[in-house]
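Structure data (mmCIF, C-alpha atoms) from final.cif:
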```cif
data_model
#
loop_
_atom_site.label_atom_id
_atom_site.label_comp_id
_atom_site.auth_asym_id
_atom_site.auth_seq_id
_atom_site.Cartn_x
_atom_site.Cartn_y
_atom_site.Cartn_z
CA MET F 1 -5.38 28.27 1.16
CA GLU F 2 -8.62 26.98 -0.26
CA VAL F 3 -9.73 23.46 0.65
CA VAL F 4 -10.54 21.45 -2.49
CA ALA F 5 -11.13 18.03 -0.88
CA GLU F 6 -12.74 17.55 2.52
CA SER F 7 -12.00 13.85 3.09
CA VAL F 8 -8.53 12.80 1.97
CA ALA F 9 -5.82 10.30 2.78
CA GLY F 10 -2.09 10.55 2.19
CA ILE F 11 -0.21 7.26 1.91
CA ASP F 12 3.53 6.95 2.42
CA VAL F 13 4.51 3.75 0.62
CA HIS F 14 7.42 1.51 1.58
CA GLN F 15 8.36 -2.04 0.69
CA LYS F 16 7.12 -3.62 3.93
CA GLU F 17 4.40 -1.26 5.09
CA ILE F 18 2.41 1.85 4.30
CA THR F 19 1.67 4.77 6.61
CA VAL F 20 -1.70 6.43 6.15
CA THR F 21 -2.90 9.82 7.37
CA VAL F 22 -6.55 10.77 6.99
CA LEU F 23 -7.78 14.38 7.10
CA ILE F 24 -11.51 14.99 7.30
CA GLY F 25 -13.14 18.35 7.74
CA SER F 26 -15.21 20.91 5.87
CA ALA F 27 -13.69 23.88 4.13
CA GLU F 28 -14.84 26.04 7.05
CA SER F 29 -13.10 23.81 9.58
CA ALA F 30 -9.88 25.38 10.83
CA LYS F 31 -8.55 22.06 12.14
CA PRO F 32 -9.73 18.92 10.37
CA LYS F 33 -9.94 15.54 12.04
CA LYS F 34 -6.62 13.69 11.70
CA VAL F 35 -6.19 9.92 11.97
CA HIS F 36 -3.03 7.84 11.49
CA ALA F 37 -2.72 4.13 10.71
CA ARG F 38 -0.18 1.63 9.43
CA PHE F 39 -0.71 -1.45 7.31
CA GLN F 40 1.56 -4.17 6.00
CA THR F 41 1.88 -4.39 2.23
CA VAL F 42 0.59 -7.96 2.00
CA THR F 43 -2.67 -8.27 0.07
CA PHE F 44 -4.82 -9.01 3.12
CA ASP F 45 -3.63 -5.88 4.95
CA LEU F 46 -3.98 -3.64 1.90
CA LYS F 47 -7.58 -4.78 1.49
CA ALA F 48 -8.09 -4.04 5.18
CA CYS F 49 -6.66 -0.57 4.53
CA GLY F 50 -9.21 -0.01 1.78
CA ALA F 51 -12.05 -1.07 4.07
CA TRP F 52 -10.70 1.17 6.85
CA LEU F 53 -10.49 4.17 4.51
CA LYS F 54 -14.10 3.52 3.52
CA GLN F 55 -15.10 3.53 7.17
CA GLN F 56 -13.34 6.87 7.56
CA ASP F 57 -15.44 8.16 4.63
CA VAL F 58 -12.32 9.01 2.60
CA LYS F 59 -13.02 10.16 -0.94
CA GLN F 60 -9.55 10.97 -2.26
CA VAL F 61 -6.24 9.14 -1.84
CA LEU F 62 -2.82 10.57 -2.69
CA MET F 63 0.43 8.63 -2.88
CA GLU F 64 3.87 9.00 -4.42
CA SER F 65 5.13 6.86 -7.30
CA THR F 66 7.83 5.22 -5.18
CA GLY F 67 9.71 2.68 -7.32
CA GLN F 68 7.43 -0.26 -8.03
CA TYR F 69 6.01 -0.37 -4.49
CA TRP F 70 3.08 1.88 -5.29
CA ARG F 71 1.66 -0.44 -7.97
CA PRO F 72 0.11 -3.19 -5.80
CA VAL F 73 -1.16 -0.56 -3.33
CA TRP F 74 -2.85 1.29 -6.19
CA GLN F 75 -4.27 -1.86 -7.77
CA ILE F 76 -5.81 -3.08 -4.50
CA LEU F 77 -7.21 0.28 -3.35
CA GLU F 78 -8.54 1.46 -6.72
CA PRO F 79 -11.55 -0.95 -6.79
CA PHE F 80 -12.81 0.62 -3.55
CA GLY F 81 -13.84 3.65 -5.61
CA PHE F 82 -11.52 6.32 -4.21
CA ASN F 83 -10.37 9.23 -6.35
CA MET F 84 -6.82 7.96 -6.67
CA ILE F 85 -4.00 10.45 -7.29
CA LEU F 86 -0.41 9.47 -8.04
CA CYS F 87 2.29 12.13 -7.89
CA ASN F 88 5.97 12.33 -8.73
CA PRO F 89 8.24 12.38 -5.61
CA ARG F 90 10.41 15.08 -7.17
CA ILE F 91 7.40 17.39 -7.38
CA ILE F 92 6.56 16.72 -3.73
CA LYS F 93 10.10 17.55 -2.59
CA ASN F 94 10.03 20.90 -4.39
CA ILE F 95 6.84 22.09 -2.65
CA PRO F 96 7.78 24.35 0.29
CA GLY F 97 6.01 24.32 3.64
CA LYS F 98 6.62 20.89 5.13
CA LYS F 99 7.54 20.85 8.80
CA THR F 100 10.81 19.18 9.77
CA ASP F 101 9.19 16.57 12.05
CA GLN F 102 6.05 16.10 9.97
CA LYS F 103 5.23 12.61 8.76
CA ASP F 104 5.35 12.11 5.01
CA SER F 105 1.84 10.68 4.94
CA GLU F 106 0.53 13.71 6.84
CA TRP F 107 2.22 16.07 4.38
CA LEU F 108 0.71 14.15 1.47
CA SER F 109 -2.75 14.37 3.00
CA GLU F 110 -2.40 18.15 3.37
CA LEU F 111 -1.27 18.47 -0.24
CA ALA F 112 -4.33 16.48 -1.30
CA ARG F 113 -6.66 18.56 0.88
CA TYR F 114 -5.50 21.81 -0.71
CA GLY F 115 -4.98 20.44 -4.23
CA LEU F 116 -1.32 21.40 -4.37
CA VAL F 117 -0.09 18.58 -6.60
CA SER F 118 -0.87 17.58 -10.15
CA ALA F 119 -1.73 13.96 -10.79
CA SER F 120 0.49 11.73 -12.90
CA TYR F 121 -1.27 9.81 -15.62
CA VAL F 122 -2.04 6.21 -14.66
CA PRO F 123 -3.50 4.19 -17.55
CA PRO F 124 -6.37 1.72 -17.04
CA ARG F 125 -5.52 -1.72 -15.64
CA GLN F 126 -5.68 -3.45 -19.02
CA ILE F 127 -3.26 -0.95 -20.54
CA GLN F 128 -0.91 -1.36 -17.56
CA GLU F 129 -0.89 -5.13 -18.02
CA LEU F 130 -0.30 -4.77 -21.77
CA ARG F 131 2.62 -2.41 -21.15
CA GLU F 132 4.14 -4.74 -18.55
CA SER F 133 3.88 -7.77 -20.83
CA THR F 134 5.39 -5.78 -23.71
CA ARG F 135 8.29 -4.60 -21.52
CA LEU F 136 8.85 -8.16 -20.28
CA SER F 137 8.86 -9.54 -23.82
CA LYS F 138 11.34 -6.87 -24.91
CA SER F 139 13.54 -7.54 -21.88
CA ILE F 140 13.59 -11.31 -22.54
CA THR F 141 14.46 -10.73 -26.20
CA GLN F 142 17.33 -8.42 -25.22
CA GLN F 143 18.63 -10.96 -22.69
CA MET F 144 18.51 -13.74 -25.29
CA THR F 145 20.42 -11.56 -27.74
CA ARG F 146 23.12 -10.81 -25.14
CA LEU F 147 23.49 -14.50 -24.27
CA LYS F 148 23.70 -15.51 -27.93
CA ASN F 149 26.38 -12.86 -28.50
CA GLN F 150 28.33 -14.27 -25.56
CA VAL F 151 28.22 -17.73 -27.12
CA HIS F 152 29.42 -16.30 -30.44
CA ASP F 153 32.30 -14.54 -28.64
CA ILE F 154 33.32 -17.75 -26.85
CA LEU F 155 33.35 -19.68 -30.13
CA GLN F 156 35.39 -17.00 -31.91
CA ARG F 157 37.92 -16.79 -29.05
CA SER F 158 38.30 -20.57 -29.28
CA ASN F 159 38.69 -20.35 -33.09
CA ILE F 160 35.59 -22.46 -33.63
CA LYS F 161 34.25 -21.16 -36.97
CA LEU F 162 30.86 -22.88 -36.96
CA THR F 163 29.07 -19.63 -37.86
CA THR F 164 31.07 -19.48 -41.09
CA TYR F 165 29.07 -22.41 -42.43
CA VAL F 166 25.88 -22.24 -40.35
CA SER F 167 23.83 -19.02 -40.45
CA ASP F 168 21.97 -19.71 -37.20
CA ILE F 169 23.66 -21.93 -34.62
CA PHE F 170 20.70 -21.65 -32.25
CA SER F 171 18.13 -23.47 -34.34
CA GLY F 172 17.80 -26.52 -36.56
CA SER F 173 21.04 -28.15 -37.71
CA GLY F 174 23.16 -25.46 -36.09
CA ARG F 175 21.62 -26.14 -32.70
CA ARG F 176 22.15 -29.89 -33.03
CA ILE F 177 25.80 -29.45 -33.99
CA LEU F 178 26.32 -26.98 -31.14
CA ALA F 179 24.81 -29.58 -28.79
CA LEU F 180 27.61 -31.97 -29.77
CA LEU F 181 30.10 -29.47 -28.37
CA GLU F 182 28.01 -28.74 -25.29
CA ASN F 183 27.60 -32.42 -24.39
CA GLY F 184 31.25 -33.31 -24.99
CA GLU F 185 30.34 -35.94 -27.57
CA VAL F 186 32.72 -37.43 -30.10
CA ILE F 187 32.57 -35.29 -33.23
CA ASN F 188 33.31 -36.92 -36.54
CA LEU F 189 31.93 -36.93 -40.06
CA ALA F 190 29.16 -39.36 -39.17
CA SER F 191 27.90 -37.36 -36.16
CA ILE F 192 27.94 -34.13 -38.16
CA GLU F 193 26.09 -35.81 -41.02
CA GLN F 194 23.43 -37.07 -38.60
CA ALA F 195 23.09 -33.67 -36.87
CA GLY F 196 22.81 -31.91 -40.20
CA THR F 197 19.75 -33.84 -41.29
CA GLY F 198 16.46 -32.32 -40.12
CA LYS F 199 13.02 -33.91 -39.75
CA ARG F 200 12.26 -33.28 -43.42
CA GLY F 201 15.58 -34.58 -44.68
CA TYR F 202 17.08 -31.14 -45.35
CA ARG F 203 20.85 -31.11 -45.20
CA LEU F 204 23.48 -28.50 -44.47
CA LYS F 205 24.73 -26.45 -47.41
CA ALA F 206 28.32 -26.95 -46.22
CA THR F 207 29.93 -30.37 -46.41
CA PRO F 208 30.55 -32.44 -43.26
CA LYS F 209 34.30 -31.99 -43.85
CA GLN F 210 33.92 -28.20 -43.82
CA ILE F 211 31.83 -28.34 -40.65
CA LEU F 212 34.33 -30.68 -38.99
CA ALA F 213 37.21 -28.37 -39.88
CA SER F 214 35.33 -25.38 -38.47
CA LEU F 215 34.93 -27.17 -35.13
CA MET F 216 38.63 -27.74 -34.64
CA ALA F 217 39.59 -25.41 -31.81
CA LEU F 218 43.03 -23.98 -31.11
#
```
Since I need it in another form, could you write the structure as structure tokens?
Amino acid sequence: MEVVAESVAGIDVHQKEITVTVLIGSAESAKPKKVHARFQTVTFDLKACGAWLKQQDVKQVLMESTGQYWRPVWQILEPFGFNMILCNPRIIKNIPGKKTDQKDSEWLSELARYGLVSASYVPPRQIQELRESTRLSKSITQQMTRLKNQVHDILQRSNIKLTTYVSDIFSGSGRRILALLENGEVINLASIEQAGTGKRGYRLKATPKQILASLMAL
């Protein structure tokens, strides 16, 4: 096989630590220099790994996209200027030739040396952060929707028909009336009238009597 990279590192990523194998040798070299090392995945150790790889004159680094564990490793090593390659674990498993007792990091370094894997697309740091914030925002919105639906279900099972007269029980007057139930306060016409008046003096469209009737559980 033809050597496409003469100074490479394969990194086997785990939650607690990473295992690194470095292969350095010219295309004419039958047996390249091989060095192994392990580093913890705390920031200090990952930066030490980057400095160590620089000392070994590594140009290219290959790792698998293992869960979310690869992300901090990538983010810390990328500024060192390596040609970073991320590959799909399923692709790695389907490549024949790995020895039974061979370390995963060593196998990755050989794949990098001979260019046997295609790189997955990794967007720039700013795009990654934008995607993560967008996913988080979407996840929070979905969680809020689920929780609100649970509250609606509890009210309906208890035959509390507040939503019949209040379009949104999670804001404004609806939220204040719901708080009366949550806090176990005495609910009467006066308390409903007070809860139904907002900062600008707006009032509920339904009458206090209708609201009171809707709050009468089974």
Proximity to Leu155 in chain F - best of F:Lys98, F:Ser214, F:Trp74, F:Val58, all atoms listed in the file: F:Ser214
Pairwise distance for CA of Glu6 in chain F and CA of Pro32 in chain F, rounded to one decimal in Å: 8.5 Å
Point-to-point distance in Å for CA of Gly97 in chain F and CA of Val22 in chain F: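 Computing it gives 18.8 Å between the two atoms.
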Resolved residues for the PyMOL selection byres ((chain F and resi 109) around 12) as a count of residues only: 46
Who sits within 8 Å of range 120-124 of chain F, all atoms listed in the file, same chain under 4 positions skipped, as a ChimeraX atom specification: /F:85-88,128
Pairwise distance for CA of Ala190 in chain F and CA of Asn159 in chain F, rounded to one decimal in Å: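 One can read the CA of Ala190 in chain F to CA of Asn159 in chain F distance as 22.1 Å.
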Produce the centre coordinates and the three edge lengths, each in Å to one decimal, of the box along x, y and z that contains all listed atoms of range 80-88 of chain F with 3 Å added on each side, as lines of an AutoDock Vina configuration file.
```
center_x = -3.9
center_y = 6.5
center_z = -6.1
size_x = 25.8
size_y = 17.7
size_z = 11.2
```
